[in-house]
Amino acid sequence: MLALEAEERSILIDCGGDLFQRALVAGLDPEGIDGLIITHEHPDHVGGFALFMLRIWQAGRSRPLPVYGIARALDQARRLLGSFETDGWSLPEIEWIEVDCAEGVSVVDSDLWSITAAPGIHGVPTIGLRCQHVDSGFVIAYSCDTEPCPAIDRLALGADLLIHEATGEVRGHSSAAQAVDVARRAGCPQLVLVHLPRGLDREDMDRLETSGVQVVVGEELDRFEF
Ligand SMILES: [Zn+2]
Ligand SMILES: [Zn+2]
């Protein structure tokens, strides 16, 4: 789960656990949540959707909540919410905004952020995100879950900060070394590794050839300034 924050407004990305609680701990203003992007249908990316809606309602949210994603991700979110008896809930209105699973499609185009997508290669359809802060031009690329592929290379091209998964070198995922290769090919100076396997330790990282790329192993509630 990630959050982009600027001017006390935020866009949240994925909701695998208790996203709202995490946002509060991170110091985000619940009133400033402008939307949620769901990258794909897997439980670690959407499984907390119903809980998120419950919590945001209980926090007094009244304005509609835009929820962006490819069709299968949004279908999963609707199914998860539908599995609860929500008739008595006064949930904020959800604006479902479906995007094509295609390279270069616009996901969010606001006064703060220009966010486009590219499909990764994973067990199910998924999108990585390229997030450009409008005023500064700073670009954050997020691979989401994917094995290395040209579309995600292009998504990352020239990004100031690359957030890349590092589950391991298995089908549909990437290793830390492969993530470093993506950063190097794309010319990204800073790489944050997320979606980590159990047991990734400092020695594994020390063995990585990271010349030219500053590599950080992501931790809960990490913040990166731009
Ligand atoms: Zn996945
Ligand atoms: Zn995942």
# chains A, B, ... in the order shown; residues from 1 in each chain; ligands from 1
$ residues_around --residues "A:His45" --least-positions-apart "4" --cutoff "7 Å" --atoms "only C-alpha atoms" --output "PyMOL selection string"
chain A and resi 14-16+38+40-41
$ write_last_selection --atoms "N, CA and C atoms" --output "PDB file, in the first residue's frame"
ATOM      1  N   ASP A  14      -3.735   0.794  -3.624  1.00  0.00           N
ATOM      2  CA  ASP A  14      -3.972  -0.556  -3.114  1.00  0.00           C
ATOM      3  C   ASP A  14      -4.406  -0.575  -1.645  1.00  0.00           C
ATOM      4  N   CYS A  15      -5.103  -1.624  -1.302  1.00  0.00           N
ATOM      5  CA  CYS A  15      -5.676  -1.712   0.047  1.00  0.00           C
ATOM      6  C   CYS A  15      -5.663  -3.175   0.496  1.00  0.00           C
ATOM      7  N   GLY A  16      -4.458  -3.676   0.707  1.00  0.00           N
ATOM      8  CA  GLY A  16      -4.314  -5.086   1.068  1.00  0.00           C
ATOM      9  C   GLY A  16      -4.626  -5.379   2.518  1.00  0.00           C
ATOM     10  N   ILE A  38      -6.686   0.816  -7.398  1.00  0.00           N
ATOM     11  CA  ILE A  38      -6.482  -0.615  -7.126  1.00  0.00           C
ATOM     12  C   ILE A  38      -5.809  -1.221  -8.358  1.00  0.00           C
ATOM     13  N   HIS A  40      -4.681  -4.465  -8.968  1.00  0.00           N
ATOM     14  CA  HIS A  40      -5.153  -5.775  -9.444  1.00  0.00           C
ATOM     15  C   HIS A  40      -5.912  -6.499  -8.346  1.00  0.00           C
ATOM     16  N   GLU A  41      -6.403  -7.680  -8.694  1.00  0.00           N
ATOM     17  CA  GLU A  41      -7.439  -8.330  -7.886  1.00  0.00           C
ATOM     18  C   GLU A  41      -6.902  -9.186  -6.752  1.00  0.00           C
TER      19      GLU A  41
END
$ residues_near_ligand --ligand "ligand 1" --cutoff "10 Å" --atoms "only C-alpha atoms and all ligand atoms" --output "ChimeraX atom specification"
/A:39-46,121-126,144-146,172-173,195
$ select_by_dssp --residues "stretch 47-194 of chain A" --states "helix (DSSP H, G or I)" --output "PDB file with N, CA and C atoms, in the first residue's frame"
ATOM      1  N   PHE A  49     -10.608  -3.795   1.071  1.00  0.00           N
ATOM      2  CA  PHE A  49     -11.468  -2.742   0.518  1.00  0.00           C
ATOM      3  C   PHE A  49     -12.710  -2.484   1.376  1.00  0.00           C
ATOM      4  N   ALA A  50     -13.395  -3.556   1.784  1.00  0.00           N
ATOM      5  CA  ALA A  50     -14.617  -3.364   2.571  1.00  0.00           C
ATOM      6  C   ALA A  50     -14.286  -2.696   3.904  1.00  0.00           C
ATOM      7  N   LEU A  51     -13.198  -3.103   4.515  1.00  0.00           N
ATOM      8  CA  LEU A  51     -12.785  -2.504   5.785  1.00  0.00           C
ATOM      9  C   LEU A  51     -12.455  -1.021   5.586  1.00  0.00           C
ATOM     10  N   PHE A  52     -11.813  -0.710   4.479  1.00  0.00           N
ATOM     11  CA  PHE A  52     -11.484   0.689   4.188  1.00  0.00           C
ATOM     12  C   PHE A  52     -12.750   1.530   4.071  1.00  0.00           C
ATOM     13  N   MET A  53     -13.752   1.001   3.353  1.00  0.00           N
ATOM     14  CA  MET A  53     -14.998   1.752   3.190  1.00  0.00           C
ATOM     15  C   MET A  53     -15.709   1.931   4.525  1.00  0.00           C
ATOM     16  N   LEU A  54     -15.693   0.884   5.355  1.00  0.00           N
ATOM     17  CA  LEU A  54     -16.301   0.998   6.687  1.00  0.00           C
ATOM     18  C   LEU A  54     -15.616   2.095   7.491  1.00  0.00           C
ATOM     19  N   ARG A  55     -14.306   2.077   7.493  1.00  0.00           N
ATOM     20  CA  ARG A  55     -13.563   3.023   8.325  1.00  0.00           C
ATOM     21  C   ARG A  55     -13.710   4.459   7.823  1.00  0.00           C
ATOM     22  N   ILE A  56     -13.727   4.635   6.515  1.00  0.00           N
ATOM     23  CA  ILE A  56     -13.796   5.996   5.975  1.00  0.00           C
ATOM     24  C   ILE A  56     -15.198   6.567   6.226  1.00  0.00           C
ATOM     25  N   TRP A  57     -16.183   5.675   6.194  1.00  0.00           N
ATOM     26  CA  TRP A  57     -17.545   6.114   6.549  1.00  0.00           C
ATOM     27  C   TRP A  57     -17.595   6.505   8.023  1.00  0.00           C
ATOM     28  N   GLN A  58     -17.049   5.629   8.901  1.00  0.00           N
ATOM     29  CA  GLN A  58     -17.090   5.915  10.340  1.00  0.00           C
ATOM     30  C   GLN A  58     -16.324   7.184  10.689  1.00  0.00           C
ATOM     31  N   ALA A  71     -10.796  -3.404 -14.971  1.00  0.00           N
ATOM     32  CA  ALA A  71     -12.123  -3.994 -14.733  1.00  0.00           C
ATOM     33  C   ALA A  71     -12.079  -5.094 -13.679  1.00  0.00           C
ATOM     34  N   ARG A  72     -11.131  -6.000 -13.790  1.00  0.00           N
ATOM     35  CA  ARG A  72     -11.124  -7.145 -12.870  1.00  0.00           C
ATOM     36  C   ARG A  72     -10.819  -6.721 -11.441  1.00  0.00           C
ATOM     37  N   ALA A  73     -10.007  -5.689 -11.290  1.00  0.00           N
ATOM     38  CA  ALA A  73      -9.699  -5.204  -9.937  1.00  0.00           C
ATOM     39  C   ALA A  73     -10.933  -4.564  -9.310  1.00  0.00           C
ATOM     40  N   LEU A  74     -11.662  -3.768 -10.113  1.00  0.00           N
ATOM     41  CA  LEU A  74     -12.870  -3.120  -9.587  1.00  0.00           C
ATOM     42  C   LEU A  74     -13.958  -4.150  -9.306  1.00  0.00           C
ATOM     43  N   ASP A  75     -14.060  -5.174 -10.175  1.00  0.00           N
ATOM     44  CA  ASP A  75     -15.039  -6.240  -9.926  1.00  0.00           C
ATOM     45  C   ASP A  75     -14.756  -6.921  -8.592  1.00  0.00           C
ATOM     46  N   GLN A  76     -13.486  -7.158  -8.329  1.00  0.00           N
ATOM     47  CA  GLN A  76     -13.111  -7.803  -7.070  1.00  0.00           C
ATOM     48  C   GLN A  76     -13.504  -6.931  -5.879  1.00  0.00           C
ATOM     49  N   ALA A  77     -13.239  -5.625  -6.002  1.00  0.00           N
ATOM     50  CA  ALA A  77     -13.588  -4.700  -4.912  1.00  0.00           C
ATOM     51  C   ALA A  77     -15.095  -4.706  -4.680  1.00  0.00           C
ATOM     52  N   ARG A  78     -15.874  -4.704  -5.764  1.00  0.00           N
ATOM     53  CA  ARG A  78     -17.343  -4.719  -5.630  1.00  0.00           C
ATOM     54  C   ARG A  78     -17.811  -6.021  -4.981  1.00  0.00           C
ATOM     55  N   ARG A  79     -17.182  -7.142  -5.382  1.00  0.00           N
ATOM     56  CA  ARG A  79     -17.561  -8.431  -4.768  1.00  0.00           C
ATOM     57  C   ARG A  79     -17.259  -8.433  -3.276  1.00  0.00           C
ATOM     58  N   LEU A  80     -16.092  -7.916  -2.926  1.00  0.00           N
ATOM     59  CA  LEU A  80     -15.700  -7.918  -1.515  1.00  0.00           C
ATOM     60  C   LEU A  80     -16.668  -7.077  -0.684  1.00  0.00           C
ATOM     61  N   LEU A  81     -17.006  -5.903  -1.200  1.00  0.00           N
ATOM     62  CA  LEU A  81     -17.944  -5.048  -0.481  1.00  0.00           C
ATOM     63  C   LEU A  81     -19.322  -5.706  -0.428  1.00  0.00           C
ATOM     64  N   GLY A  82     -19.681  -6.356  -1.539  1.00  0.00           N
ATOM     65  CA  GLY A  82     -20.999  -6.990  -1.638  1.00  0.00           C
ATOM     66  C   GLY A  82     -21.158  -8.188  -0.723  1.00  0.00           C
ATOM     67  N   PRO A 150       9.093  -5.173 -21.060  1.00  0.00           N
ATOM     68  CA  PRO A 150       9.367  -3.889 -21.713  1.00  0.00           C
ATOM     69  C   PRO A 150       8.388  -2.779 -21.324  1.00  0.00           C
ATOM     70  N   ALA A 151       7.121  -3.116 -21.108  1.00  0.00           N
ATOM     71  CA  ALA A 151       6.141  -2.057 -20.788  1.00  0.00           C
ATOM     72  C   ALA A 151       6.473  -1.407 -19.446  1.00  0.00           C
ATOM     73  N   ILE A 152       6.926  -2.202 -18.483  1.00  0.00           N
ATOM     74  CA  ILE A 152       7.268  -1.627 -17.178  1.00  0.00           C
ATOM     75  C   ILE A 152       8.617  -0.898 -17.265  1.00  0.00           C
ATOM     76  N   ASP A 153       9.524  -1.379 -18.105  1.00  0.00           N
ATOM     77  CA  ASP A 153      10.760  -0.608 -18.366  1.00  0.00           C
ATOM     78  C   ASP A 153      10.410   0.792 -18.870  1.00  0.00           C
ATOM     79  N   ARG A 154       9.483   0.840 -19.817  1.00  0.00           N
ATOM     80  CA  ARG A 154       9.112   2.149 -20.386  1.00  0.00           C
ATOM     81  C   ARG A 154       8.379   3.004 -19.349  1.00  0.00           C
ATOM     82  N   LEU A 155       7.572   2.360 -18.523  1.00  0.00           N
ATOM     83  CA  LEU A 155       6.874   3.078 -17.449  1.00  0.00           C
ATOM     84  C   LEU A 155       7.870   3.778 -16.527  1.00  0.00           C
ATOM     85  N   ALA A 156       8.995   3.110 -16.286  1.00  0.00           N
ATOM     86  CA  ALA A 156       9.984   3.612 -15.329  1.00  0.00           C
ATOM     87  C   ALA A 156      10.966   4.598 -15.950  1.00  0.00           C
ATOM     88  N   ALA A 176      15.162  -8.810  -6.378  1.00  0.00           N
ATOM     89  CA  ALA A 176      15.797  -7.518  -6.099  1.00  0.00           C
ATOM     90  C   ALA A 176      16.815  -7.179  -7.186  1.00  0.00           C
ATOM     91  N   ALA A 177      17.563  -8.179  -7.627  1.00  0.00           N
ATOM     92  CA  ALA A 177      18.567  -7.923  -8.673  1.00  0.00           C
ATOM     93  C   ALA A 177      17.898  -7.483  -9.976  1.00  0.00           C
ATOM     94  N   GLN A 178      16.775  -8.119 -10.299  1.00  0.00           N
ATOM     95  CA  GLN A 178      16.050  -7.712 -11.514  1.00  0.00           C
ATOM     96  C   GLN A 178      15.479  -6.305 -11.368  1.00  0.00           C
ATOM     97  N   ALA A 179      15.048  -5.960 -10.169  1.00  0.00           N
ATOM     98  CA  ALA A 179      14.537  -4.602  -9.947  1.00  0.00           C
ATOM     99  C   ALA A 179      15.650  -3.576 -10.136  1.00  0.00           C
ATOM    100  N   VAL A 180      16.837  -3.911  -9.648  1.00  0.00           N
ATOM    101  CA  VAL A 180      17.978  -3.005  -9.852  1.00  0.00           C
ATOM    102  C   VAL A 180      18.256  -2.854 -11.348  1.00  0.00           C
ATOM    103  N   ASP A 181      18.160  -3.951 -12.083  1.00  0.00           N
ATOM    104  CA  ASP A 181      18.385  -3.879 -13.534  1.00  0.00           C
ATOM    105  C   ASP A 181      17.363  -2.954 -14.203  1.00  0.00           C
ATOM    106  N   VAL A 182      16.116  -3.038 -13.769  1.00  0.00           N
ATOM    107  CA  VAL A 182      15.083  -2.145 -14.332  1.00  0.00           C
ATOM    108  C   VAL A 182      15.467  -0.694 -14.051  1.00  0.00           C
ATOM    109  N   ALA A 183      15.860  -0.418 -12.807  1.00  0.00           N
ATOM    110  CA  ALA A 183      16.225   0.962 -12.438  1.00  0.00           C
ATOM    111  C   ALA A 183      17.401   1.446 -13.294  1.00  0.00           C
ATOM    112  N   ARG A 184      18.353   0.567 -13.505  1.00  0.00           N
ATOM    113  CA  ARG A 184      19.540   0.969 -14.280  1.00  0.00           C
ATOM    114  C   ARG A 184      19.158   1.225 -15.741  1.00  0.00           C
ATOM    115  N   ARG A 185      18.391   0.295 -16.320  1.00  0.00           N
ATOM    116  CA  ARG A 185      17.974   0.477 -17.719  1.00  0.00           C
ATOM    117  C   ARG A 185      17.164   1.754 -17.890  1.00  0.00           C
ATOM    118  N   ALA A 186      16.343   2.067 -16.887  1.00  0.00           N
ATOM    119  CA  ALA A 186      15.437   3.215 -17.001  1.00  0.00           C
ATOM    120  C   ALA A 186      16.095   4.519 -16.551  1.00  0.00           C
TER     121      ALA A 186
END
$ residues_around --residues "A:Val192" --least-positions-apart "3" --cutoff "9 Å" --atoms "only C-alpha atoms" --output "PyMOL selection string"
chain A and resi 161-165+214-218
$ write_last_selection --atoms "all heavy atoms" --output "CSV table (one decimal), in the first residue's frame"
chain,number,residue,atom,x,y,z
A,161,LEU,N,12.1,8.4,-8.9
A,161,LEU,CA,12.0,7.4,-7.9
A,161,LEU,C,11.3,6.2,-8.4
A,161,LEU,O,10.2,6.3,-8.9
A,161,LEU,CB,11.3,8.0,-6.7
A,161,LEU,CG,10.9,7.0,-5.5
A,161,LEU,CD1,12.2,6.5,-4.8
A,161,LEU,CD2,10.0,7.8,-4.5
A,162,LEU,N,11.9,5.0,-8.3
A,162,LEU,CA,11.2,3.8,-8.8
A,162,LEU,C,10.9,2.9,-7.5
A,162,LEU,O,11.8,2.6,-6.7
A,162,LEU,CB,12.1,3.0,-9.7
A,162,LEU,CG,11.7,1.6,-10.1
A,162,LEU,CD1,10.3,1.7,-10.9
A,162,LEU,CD2,12.7,0.9,-11.0
A,163,ILE,N,9.7,2.6,-7.4
A,163,ILE,CA,9.2,1.7,-6.3
A,163,ILE,C,9.0,0.3,-7.0
A,163,ILE,O,8.1,0.3,-7.9
A,163,ILE,CB,8.0,2.2,-5.6
A,163,ILE,CG1,8.3,3.5,-5.0
A,163,ILE,CG2,7.5,1.2,-4.6
A,163,ILE,CD1,7.1,4.3,-4.5
A,164,HIS,N,9.8,-0.7,-6.7
A,164,HIS,CA,9.7,-1.9,-7.5
A,164,HIS,C,9.5,-3.1,-6.6
A,164,HIS,O,10.1,-3.2,-5.5
A,164,HIS,CB,10.9,-2.1,-8.4
A,164,HIS,CG,10.7,-3.0,-9.6
A,164,HIS,ND1,10.5,-4.4,-9.4
A,164,HIS,CD2,10.7,-2.8,-10.9
A,164,HIS,CE1,10.3,-4.9,-10.6
A,164,HIS,NE2,10.4,-4.0,-11.5
A,165,GLU,N,8.7,-4.0,-7.0
A,165,GLU,CA,8.6,-5.3,-6.2
A,165,GLU,C,9.8,-6.1,-6.3
A,165,GLU,O,10.6,-6.0,-7.2
A,165,GLU,CB,7.4,-6.0,-6.7
A,165,GLU,CG,7.6,-6.7,-8.0
A,165,GLU,CD,7.3,-8.2,-7.9
A,165,GLU,OE1,8.0,-8.9,-7.1
A,165,GLU,OE2,6.5,-8.8,-8.7
A,214,GLN,N,20.7,4.2,-6.1
A,214,GLN,CA,20.6,4.1,-4.6
A,214,GLN,C,19.5,3.2,-4.2
A,214,GLN,O,18.3,3.5,-4.6
A,214,GLN,CB,20.4,5.5,-4.1
A,214,GLN,CG,20.4,5.6,-2.5
A,214,GLN,CD,19.7,6.9,-2.0
A,214,GLN,OE1,19.6,7.9,-2.8
A,214,GLN,NE2,19.4,6.9,-0.8
A,215,VAL,N,19.7,2.1,-3.5
A,215,VAL,CA,18.7,1.1,-3.3
A,215,VAL,C,18.3,1.2,-1.8
A,215,VAL,O,19.2,1.2,-0.9
A,215,VAL,CB,19.2,-0.3,-3.6
A,215,VAL,CG1,18.1,-1.3,-3.4
A,215,VAL,CG2,19.6,-0.3,-5.1
A,216,VAL,N,17.0,1.3,-1.6
A,216,VAL,CA,16.5,1.3,-0.2
A,216,VAL,C,15.5,0.1,-0.1
A,216,VAL,O,14.7,-0.1,-1.0
A,216,VAL,CB,15.7,2.6,0.1
A,216,VAL,CG1,15.1,2.6,1.5
A,216,VAL,CG2,16.6,3.8,-0.1
A,217,VAL,N,15.6,-0.6,1.0
A,217,VAL,CA,14.7,-1.7,1.3
A,217,VAL,C,13.5,-1.0,2.0
A,217,VAL,O,13.7,-0.5,3.1
A,217,VAL,CB,15.3,-2.8,2.1
A,217,VAL,CG1,14.2,-3.9,2.5
A,217,VAL,CG2,16.4,-3.5,1.4
A,218,GLY,N,12.3,-1.0,1.4
A,218,GLY,CA,11.2,-0.3,1.9
A,218,GLY,C,10.7,-0.9,3.2
A,218,GLY,O,10.8,-2.1,3.4
$ residues_around --residues "A:Asp160" --least-positions-apart "4" --cutoff "8 Å" --atoms "only C-alpha atoms" --output "ChimeraX atom specification"
/A:138-140,188-190
$ write_last_selection --atoms "C-alpha atoms" --output "PDB file, in the first residue's frame"
ATOM      1  CA  PHE A 138       8.864  14.752 -10.154  1.00  0.00           C
ATOM      2  CA  VAL A 139       8.074  11.230 -11.368  1.00  0.00           C
ATOM      3  CA  ILE A 140       7.435   8.218  -9.154  1.00  0.00           C
ATOM      4  CA  CYS A 188      16.258   5.866 -12.160  1.00  0.00           C
ATOM      5  CA  PRO A 189      18.635   7.192  -9.488  1.00  0.00           C
ATOM      6  CA  GLN A 190      16.648   5.910  -6.517  1.00  0.00           C
TER       7      GLN A 190
END
$ atom_distance --atom1 "atom CA of A:Arg171" --atom2 "atom CA of A:Met205"
21.5 Å
$ select_by_dssp --residues "chain A" --states "strand (DSSP E or B)" --output "MDAnalysis selection string"
chainID A and resid 2:6 9:13 33:38 65:69 94:98 106:109 113:119 121 127:133 139:142 147 161:165 190:194 214:217
$ atom_distance --atom1 "atom CA of A:Leu112" --atom2 "atom CA of A:Gly137"
10.2 Å
$ closest_residue --among "A:Arg207, A:Arg22, A:Arg130, A:Arg61" --to "A:Val107" --atoms "only C-alpha atoms"
A:Arg130
$ atom_distance --atom1 "atom CA of A:Pro148" --atom2 "atom CA of A:Thr116"
18.4 Å
$ closest_residue --among "A:Leu191, A:Ile127, A:Pro197, A:Gly27" --to "A:Thr210" --atoms "only C-alpha atoms"
A:Leu191
$ closest_residue --among "A:Leu221, A:Ala6, A:Leu91, A:Ala166" --to "A:Asp204" --atoms "only C-alpha atoms"
A:Ala166
